[in-house]
Structures are given as C-alpha cells and as structure tokens.
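Here the structure comes first, spelled out in structure tokens, and everything after it is commentary.
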Amino acid sequence: SVVGTGPKNRITIEDVQKHVKSIVQGSAAAGAGAGLGGGAGLGLLADPVIDFSQFGEIKEEKLSRINKISAANLHRNWVKIPHITLFDDADITDMDSFRKENKQKALDKGVKLTPLAFIVKAVAKSLSEFGRINSSLSSDGESLVIKKYINVGVAVDTPVGLMVPVIKDADKKGVYEIANNIIDFAKRARDGKLTGKDMQGGTFTISSLGGLGTTAFTPIVNMPEVAILGVSKSLHKPVYKNGNFEPRLMLPLSLSLDHRVVDGALGAKFLASVLENLSDLKRIIL
C-alpha cells in the first residue's frame, strides 16, 4: 500500500513515515474494513470468534497470498456492487461441430481449439457493440469511463488460488490466437509464472466452470468492471426447431451485472447478442 517516490519507485523512509501518518489521521480507516473479516466503514458486524476445537478435532491451514488478495477484493465487490444475474442457454451445436471439424487442423498448428476461445471471441464482438458493458464507474460515482479497447479476463484455477489473466485486444484477434493465449496463460498460471502485468487492464471477465459440471452459478463482478460472464457445462437438450424437437448442444450462461451502470434491459440485449454470436459463427467473423 506504500507508494514509493525514490529512484525506480523505491520506497524511502519518508514514504513509510507519510503512509503511517495517513493511517493515524484516519484516511485509511475505510479501506481497512474492506479486507478479509473486517466490517469497519461498511456497517457490518464483526466476524464471530469461535473455538471450534471444543466440538472436535480441527486442522488450521494458512491462506495463500492469492487467497487473501482474492478474499478482500471479492468481499468489497460483493458488498459495494448491487448485483443482478441473467441466465440463458446458448445453442452451440454448429459451433462445436465446426470446432471438432477443425480440431486436428488446429493441433497441426500447435493450437488446442477449445470452446472457451470461441466464447471469448463472441463476447469481444458483443462488447464492441455495447460500449456501456465495456466501461467502469468513476471512483466518485459521477461519471462513466467507456473504454475503446477490449481486454477479456479469463478466470484460471491454480494451486494457489483463482487468478484472472487478461487477453488484450480480444476483438482484434482470431480464434486461434485467442486459443493460444488461453493455453499460455493456463500453463504459466500452473507454473506460478504469471506476472502482475498479465492480470491488468481487463474490461470484462469470463469465469468458466463447465469442466466441473455446474448447471448455473452467480459470478461476482470484478470491480472496476461492470459485468462478468459465467459459463457452465454444456448439455444436449431437446429444442423445438422448425416444427420438431431436435437434440441441440446447449451452453448455460450466467451474466452478472453492476446494476448501478447496467440495467436488466441492456444486460438482456447484451446476453442475447452473445447467444447469437455463439449460434452463428458468421457474426464473429464479419
């Protein structure tokens, strides 16, 4: 939390003294309550303190640094952002057929073509059409910062906790390039080699739990972004189409929104756009 003013942003004695002084004066009091287990400044009750060993055997496990950072951020985001979540299923039958047809061709080029790469591309296309979803609320709440760049974060589960590397300029990249970015991020995340720069600059986040078999969930908006898309496990379902029921591969999606910025109507239009992009690959290409 200390801002360094020395050469190459090094922290000087004066910087530490200034930081301590600001805490003593109370300027950091509100922020302190937003961390893990705190309630100061938010009107929350203090966490209960219980000796669980009185009920039976326990084991205490220290939280990793990533766990602590994630907990503080998620706590702040959940308390400060009024969430709404919209649910719908995307028909990815044709997309998945196309992916499988080109799977070997992609592997020959060293690319593992996953559904997530198409989802990122579909989301990026919709974000280019709905600028308000690709925005941030100013810290004073008086204005909206609409970004002209589209950087999509992809939540990755790692041995030390959840991390969100960011695919920069996702709207300008093809599916193969996006797929390569995802594979690279996943590998470096597992190896503990992701950098802070890899996780900065996101304008929208995708959290995919499809591999774990969920049918729906409510993802928490990643402040200062105003929306996040949750992806669950695709399933074949009977869908009424052209006068008949047909087996179609349906992908459950959950779109959580910051209701201060995005109302339900706009959110529904954005989600419908993503569904259309996933069901018709021509929309992504054109």
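Letters A, B, ... mark the chains of the structure tokens in the order given; residue numbers begin at 1 per chain; ligand numbers begin at 1, in order shown.
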Query raised in the report: Any idea what's packed within 7 Å of segment 15-24 of chain A, counting only C-alpha atoms, ignoring anything in its chain fewer than 6 positions away? Could you give it as a ChimeraX atom specification?
Result: /A:2-5
Query raised in the report: Can you list, as a PyMOL selection string, every protein, DNA or RNA residue that comes within 8 Å of Val145 of chain A when you count only C-alpha atoms, leaving out same-chain residues fewer than 2 positions away?
Result: chain A and resi 135-138+143+147
Would you put the residues from that selection into a file with N, CA, C and O atoms, as a short mmCIF file (atom, residue, chain, number, x, y, z; two decimals), in the first residue's frame?
```
data_model
loop_
_atom_site.label_atom_id
_atom_site.label_comp_id
_atom_site.auth_asym_id
_atom_site.auth_seq_id
_atom_site.Cartn_x
_atom_site.Cartn_y
_atom_site.Cartn_z
N SER A 135 -17.23 -0.71 -19.68
CA SER A 135 -16.95 0.56 -19.01
C SER A 135 -16.62 0.36 -17.54
O SER A 135 -16.64 -0.76 -17.03
N SER A 136 -16.34 1.47 -16.87
CA SER A 136 -16.13 1.47 -15.42
C SER A 136 -16.76 2.73 -14.84
O SER A 136 -16.74 3.80 -15.47
N LEU A 137 -17.30 2.58 -13.65
CA LEU A 137 -17.85 3.73 -12.94
C LEU A 137 -16.70 4.47 -12.27
O LEU A 137 -15.82 3.86 -11.67
N SER A 138 -16.68 5.80 -12.39
CA SER A 138 -15.60 6.57 -11.77
C SER A 138 -15.65 6.40 -10.26
O SER A 138 -16.70 6.08 -9.69
N SER A 143 -19.39 9.76 -13.05
CA SER A 143 -19.28 9.59 -14.50
C SER A 143 -18.93 8.15 -14.85
O SER A 143 -18.58 7.34 -13.99
N LYS A 147 -14.39 2.41 -22.31
CA LYS A 147 -13.08 2.10 -22.90
C LYS A 147 -13.22 1.74 -24.37
O LYS A 147 -14.14 1.01 -24.75
#
```
**Report entry** strand (DSSP E) residues, from DSSP on the backbone, in segment 124-244 of chain A, as a PyMOL selection string
**Finding:** chain A and resi 135-137+144-146+152-154+156-158+161-163+166-167+204-208+227-231+235-241+244
Output C-alpha atoms for every residue in the selection just made, as a CSV table (one decimal), in the first residue's frame.
```csv
chain,number,residue,atom,x,y,z
A,135,SER,CA,-17.0,0.6,-19.0
A,136,SER,CA,-16.1,1.5,-15.4
A,137,LEU,CA,-17.9,3.7,-12.9
A,144,LEU,CA,-18.8,6.5,-16.7
A,145,VAL,CA,-15.4,5.7,-18.3
A,146,ILE,CA,-16.2,3.9,-21.6
A,152,VAL,CA,-11.1,-10.0,-21.7
A,153,GLY,CA,-10.0,-11.6,-18.5
A,154,VAL,CA,-10.3,-15.4,-18.1
A,156,VAL,CA,-8.0,-19.6,-14.1
A,157,ASP,CA,-7.9,-22.0,-11.2
A,158,THR,CA,-4.3,-22.5,-9.9
A,161,GLY,CA,-6.0,-19.8,-5.8
A,162,LEU,CA,-8.0,-18.1,-8.5
A,163,MET,CA,-6.2,-15.8,-11.0
A,166,VAL,CA,-6.2,-10.8,-19.5
A,167,ILE,CA,-6.4,-11.4,-23.2
A,204,PHE,CA,-14.7,-7.8,-18.9
A,205,THR,CA,-14.2,-11.2,-17.2
A,206,ILE,CA,-15.3,-14.7,-18.2
A,207,SER,CA,-15.4,-17.4,-15.4
A,208,SER,CA,-15.8,-20.9,-16.8
A,227,ALA,CA,-20.1,-7.3,-15.9
A,228,ILE,CA,-18.9,-10.9,-15.8
A,229,LEU,CA,-20.0,-13.9,-17.7
A,230,GLY,CA,-20.3,-17.3,-16.0
A,231,VAL,CA,-20.0,-20.4,-18.2
A,235,LEU,CA,-25.6,-30.5,-22.3
A,236,HIS,CA,-27.7,-31.9,-25.1
A,237,LYS,CA,-31.3,-30.9,-24.8
A,238,PRO,CA,-34.4,-31.3,-26.9
A,239,VAL,CA,-35.1,-28.0,-28.6
A,240,TYR,CA,-38.2,-27.2,-30.6
A,241,LYS,CA,-37.0,-26.0,-34.0
A,244,ASN,CA,-39.8,-30.5,-34.5
```
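Each of A:Lys269, A:Val274, A:Val262, A:Tyr149 was compared to Pro82 of chain A using only C-alpha atoms, and A:Val262 turns out to be the nearest.
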Query raised in the report: Could you name the residues that touch Lys233 of chain A at 12 Å or less, counting only C-alpha atoms, but leaving out those on the same chain fewer than 2 positions away, as number ranges by chain?
Result: A: 89-90, 92, 115-116, 207-217, 230-231, 235-236, 249-254
Prev. selection, C-alpha atoms, output as a PDB file, in the first residue's frame:
```pdb
ATOM      1  CA  ASP A  89     -28.657 -21.095 -22.814  1.00  0.00           C
ATOM      2  CA  ALA A  90     -26.598 -20.669 -25.978  1.00  0.00           C
ATOM      3  CA  ILE A  92     -23.512 -24.103 -29.647  1.00  0.00           C
ATOM      4  CA  PRO A 115     -14.959 -23.795 -26.707  1.00  0.00           C
ATOM      5  CA  LEU A 116     -13.627 -21.042 -24.429  1.00  0.00           C
ATOM      6  CA  SER A 207     -15.427 -17.405 -15.443  1.00  0.00           C
ATOM      7  CA  SER A 208     -15.797 -20.930 -16.824  1.00  0.00           C
ATOM      8  CA  LEU A 209     -16.794 -23.819 -14.555  1.00  0.00           C
ATOM      9  CA  GLY A 210     -18.023 -26.056 -17.376  1.00  0.00           C
ATOM     10  CA  GLY A 211     -15.281 -28.607 -16.824  1.00  0.00           C
ATOM     11  CA  LEU A 212     -16.508 -29.111 -13.255  1.00  0.00           C
ATOM     12  CA  GLY A 213     -20.097 -29.876 -14.252  1.00  0.00           C
ATOM     13  CA  THR A 214     -22.114 -26.915 -12.930  1.00  0.00           C
ATOM     14  CA  THR A 215     -25.507 -26.102 -14.445  1.00  0.00           C
ATOM     15  CA  ALA A 216     -25.598 -22.446 -13.297  1.00  0.00           C
ATOM     16  CA  PHE A 217     -23.931 -20.060 -10.854  1.00  0.00           C
ATOM     17  CA  GLY A 230     -20.253 -17.335 -16.009  1.00  0.00           C
ATOM     18  CA  VAL A 231     -20.006 -20.437 -18.217  1.00  0.00           C
ATOM     19  CA  LEU A 235     -25.615 -30.455 -22.315  1.00  0.00           C
ATOM     20  CA  HIS A 236     -27.651 -31.950 -25.141  1.00  0.00           C
ATOM     21  CA  LEU A 249     -25.941 -28.788 -27.595  1.00  0.00           C
ATOM     22  CA  MET A 250     -26.882 -26.010 -25.167  1.00  0.00           C
ATOM     23  CA  LEU A 251     -24.422 -23.968 -23.105  1.00  0.00           C
ATOM     24  CA  PRO A 252     -25.764 -22.375 -19.860  1.00  0.00           C
ATOM     25  CA  LEU A 253     -24.528 -18.805 -19.368  1.00  0.00           C
ATOM     26  CA  SER A 254     -24.850 -16.522 -16.309  1.00  0.00           C
TER      27      SER A 254
END
```
Query raised in the report: Leaving out Met199 of chain A and any residue of its chain fewer than 3 positions from it, which residues lie within 7 Å of it when counting only C-alpha atoms, given as a ChimeraX atom specification?
Result: /A:164-166,196
Query raised in the report: How many Å separate atom CA of Asp88 of chain A from atom CA of Ser234 of chain A?
Result: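 Between atom CA of Asp88 of chain A and atom CA of Ser234 of chain A the gap works out to 11.9 Å.
You will find atom CA of Ser273 of chain A at 24.8 Å from atom CA of Asn180 of chain A.
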Query - Proximity to Glu177 of chain A - best of A:Leu275, A:Ala265, A:Ala106, A:Ile284, only C-alpha atoms - result: A:Ala106
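For the residues A:Ser256, A:Thr93, A:Asn242, A:Ser70, ranking by smallest atom-to-atom distance to Ala268 of chain A using only C-alpha atoms places A:Ser256 first.
In this model, the gap between atom CA of Pro159 of chain A and atom CA of Ala189 of chain A comes to 8.7 Å.
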Query raised in the report: Taking only C-alpha atoms into account, which of A:Leu255, A:Val160, A:Ala124, A:Val221 comes nearest Val79 of chain A?
Result: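 Nearest candidate to Val79 of chain A out of A:Leu255, A:Val160, A:Ala124, A:Val221: A:Val221.
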Requested in this report: Compile the contact shell of Leu281 of chain A as a PyMOL selection string: residues with an atom at most 12 Å away, counting only C-alpha atoms, same-chain residues fewer than 4 positions apart removed.
Outcome: chain A and resi 91-99+118-119+121-122+125+175+274-277+285-286
Export of prior selection with N, CA, C and O atoms as a PDB file, in the first residue's frame:
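Result went into part_21.pdb, see below:
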```
ATOM      1  N   ASP A  91     -27.130 -21.953 -27.961  1.00  0.00           N
ATOM      2  CA  ASP A  91     -27.107 -23.130 -28.820  1.00  0.00           C
ATOM      3  C   ASP A  91     -25.746 -23.165 -29.528  1.00  0.00           C
ATOM      4  O   ASP A  91     -25.494 -22.390 -30.460  1.00  0.00           O
ATOM      5  N   ILE A  92     -24.875 -24.045 -29.077  1.00  0.00           N
ATOM      6  CA  ILE A  92     -23.512 -24.103 -29.647  1.00  0.00           C
ATOM      7  C   ILE A  92     -23.324 -25.360 -30.504  1.00  0.00           C
ATOM      8  O   ILE A  92     -22.193 -25.797 -30.725  1.00  0.00           O
ATOM      9  N   THR A  93     -24.415 -25.933 -30.981  1.00  0.00           N
ATOM     10  CA  THR A  93     -24.335 -27.156 -31.788  1.00  0.00           C
ATOM     11  C   THR A  93     -23.447 -26.967 -33.005  1.00  0.00           C
ATOM     12  O   THR A  93     -22.513 -27.746 -33.246  1.00  0.00           O
ATOM     13  N   ASP A  94     -23.721 -25.937 -33.788  1.00  0.00           N
ATOM     14  CA  ASP A  94     -22.954 -25.701 -35.020  1.00  0.00           C
ATOM     15  C   ASP A  94     -21.525 -25.281 -34.694  1.00  0.00           C
ATOM     16  O   ASP A  94     -20.580 -25.687 -35.384  1.00  0.00           O
ATOM     17  N   MET A  95     -21.368 -24.466 -33.664  1.00  0.00           N
ATOM     18  CA  MET A  95     -20.031 -24.035 -33.265  1.00  0.00           C
ATOM     19  C   MET A  95     -19.167 -25.210 -32.851  1.00  0.00           C
ATOM     20  O   MET A  95     -17.996 -25.321 -33.240  1.00  0.00           O
ATOM     21  N   ASP A  96     -19.747 -26.126 -32.084  1.00  0.00           N
ATOM     22  CA  ASP A  96     -18.982 -27.279 -31.610  1.00  0.00           C
ATOM     23  C   ASP A  96     -18.645 -28.220 -32.763  1.00  0.00           C
ATOM     24  O   ASP A  96     -17.552 -28.810 -32.781  1.00  0.00           O
ATOM     25  N   SER A  97     -19.553 -28.346 -33.719  1.00  0.00           N
ATOM     26  CA  SER A  97     -19.271 -29.180 -34.899  1.00  0.00           C
ATOM     27  C   SER A  97     -18.112 -28.588 -35.686  1.00  0.00           C
ATOM     28  O   SER A  97     -17.198 -29.302 -36.124  1.00  0.00           O
ATOM     29  N   PHE A  98     -18.141 -27.257 -35.856  1.00  0.00           N
ATOM     30  CA  PHE A  98     -17.053 -26.571 -36.563  1.00  0.00           C
ATOM     31  C   PHE A  98     -15.732 -26.752 -35.825  1.00  0.00           C
ATOM     32  O   PHE A  98     -14.688 -27.002 -36.443  1.00  0.00           O
ATOM     33  N   ARG A  99     -15.790 -26.639 -34.496  1.00  0.00           N
ATOM     34  CA  ARG A  99     -14.574 -26.801 -33.681  1.00  0.00           C
ATOM     35  C   ARG A  99     -13.993 -28.204 -33.844  1.00  0.00           C
ATOM     36  O   ARG A  99     -12.779 -28.359 -34.026  1.00  0.00           O
ATOM     37  N   PHE A 118     -13.841 -19.623 -28.525  1.00  0.00           N
ATOM     38  CA  PHE A 118     -14.978 -19.088 -29.276  1.00  0.00           C
ATOM     39  C   PHE A 118     -15.831 -18.171 -28.394  1.00  0.00           C
ATOM     40  O   PHE A 118     -16.357 -17.162 -28.868  1.00  0.00           O
ATOM     41  N   ILE A 119     -15.945 -18.533 -27.115  1.00  0.00           N
ATOM     42  CA  ILE A 119     -16.740 -17.714 -26.193  1.00  0.00           C
ATOM     43  C   ILE A 119     -16.097 -16.345 -26.023  1.00  0.00           C
ATOM     44  O   ILE A 119     -16.776 -15.312 -26.024  1.00  0.00           O
ATOM     45  N   LYS A 121     -14.182 -14.800 -28.128  1.00  0.00           N
ATOM     46  CA  LYS A 121     -14.370 -14.056 -29.376  1.00  0.00           C
ATOM     47  C   LYS A 121     -15.798 -13.528 -29.495  1.00  0.00           C
ATOM     48  O   LYS A 121     -16.017 -12.384 -29.909  1.00  0.00           O
ATOM     49  N   ALA A 122     -16.775 -14.356 -29.103  1.00  0.00           N
ATOM     50  CA  ALA A 122     -18.174 -13.939 -29.162  1.00  0.00           C
ATOM     51  C   ALA A 122     -18.445 -12.777 -28.215  1.00  0.00           C
ATOM     52  O   ALA A 122     -19.151 -11.816 -28.561  1.00  0.00           O
ATOM     53  N   LYS A 125     -16.896  -9.528 -29.550  1.00  0.00           N
ATOM     54  CA  LYS A 125     -17.727  -8.969 -30.619  1.00  0.00           C
ATOM     55  C   LYS A 125     -18.896  -8.188 -30.037  1.00  0.00           C
ATOM     56  O   LYS A 125     -19.208  -7.068 -30.481  1.00  0.00           O
ATOM     57  N   VAL A 175      -9.672 -16.620 -33.504  1.00  0.00           N
ATOM     58  CA  VAL A 175      -9.913 -17.688 -32.532  1.00  0.00           C
ATOM     59  C   VAL A 175      -8.633 -18.449 -32.215  1.00  0.00           C
ATOM     60  O   VAL A 175      -8.377 -18.805 -31.062  1.00  0.00           O
ATOM     61  N   VAL A 274     -24.531 -12.102 -27.365  1.00  0.00           N
ATOM     62  CA  VAL A 274     -23.540 -13.168 -27.164  1.00  0.00           C
ATOM     63  C   VAL A 274     -24.098 -14.507 -27.634  1.00  0.00           C
ATOM     64  O   VAL A 274     -23.405 -15.292 -28.293  1.00  0.00           O
ATOM     65  N   LEU A 275     -25.370 -14.773 -27.328  1.00  0.00           N
ATOM     66  CA  LEU A 275     -26.012 -16.024 -27.752  1.00  0.00           C
ATOM     67  C   LEU A 275     -26.031 -16.134 -29.273  1.00  0.00           C
ATOM     68  O   LEU A 275     -25.744 -17.203 -29.838  1.00  0.00           O
ATOM     69  N   GLU A 276     -26.361 -15.034 -29.934  1.00  0.00           N
ATOM     70  CA  GLU A 276     -26.406 -15.030 -31.395  1.00  0.00           C
ATOM     71  C   GLU A 276     -25.021 -15.272 -31.984  1.00  0.00           C
ATOM     72  O   GLU A 276     -24.866 -15.996 -32.967  1.00  0.00           O
ATOM     73  N   ASN A 277     -24.001 -14.665 -31.388  1.00  0.00           N
ATOM     74  CA  ASN A 277     -22.636 -14.851 -31.879  1.00  0.00           C
ATOM     75  C   ASN A 277     -22.185 -16.302 -31.755  1.00  0.00           C
ATOM     76  O   ASN A 277     -21.481 -16.828 -32.626  1.00  0.00           O
ATOM     77  N   ILE A 285     -17.063 -13.652 -37.402  1.00  0.00           N
ATOM     78  CA  ILE A 285     -16.083 -13.416 -38.464  1.00  0.00           C
ATOM     79  C   ILE A 285     -16.292 -12.069 -39.146  1.00  0.00           C
ATOM     80  O   ILE A 285     -15.353 -11.331 -39.428  1.00  0.00           O
ATOM     81  N   LEU A 286     -17.568 -11.712 -39.389  1.00  0.00           N
ATOM     82  CA  LEU A 286     -17.870 -10.478 -40.127  1.00  0.00           C
ATOM     83  C   LEU A 286     -17.727  -9.236 -39.260  1.00  0.00           C
ATOM     84  O   LEU A 286     -17.914  -9.304 -38.056  1.00  0.00           O
TER      85      LEU A 286
END
```
Query - Picked from segment 41-253 of chain A by DSSP as helix (DSSP H, G or I), as a ChimeraX atom specification - result: /A:52-54,65-80,93-101,103-108,115-129,131-134,170-172,175-190,197-199,210-212
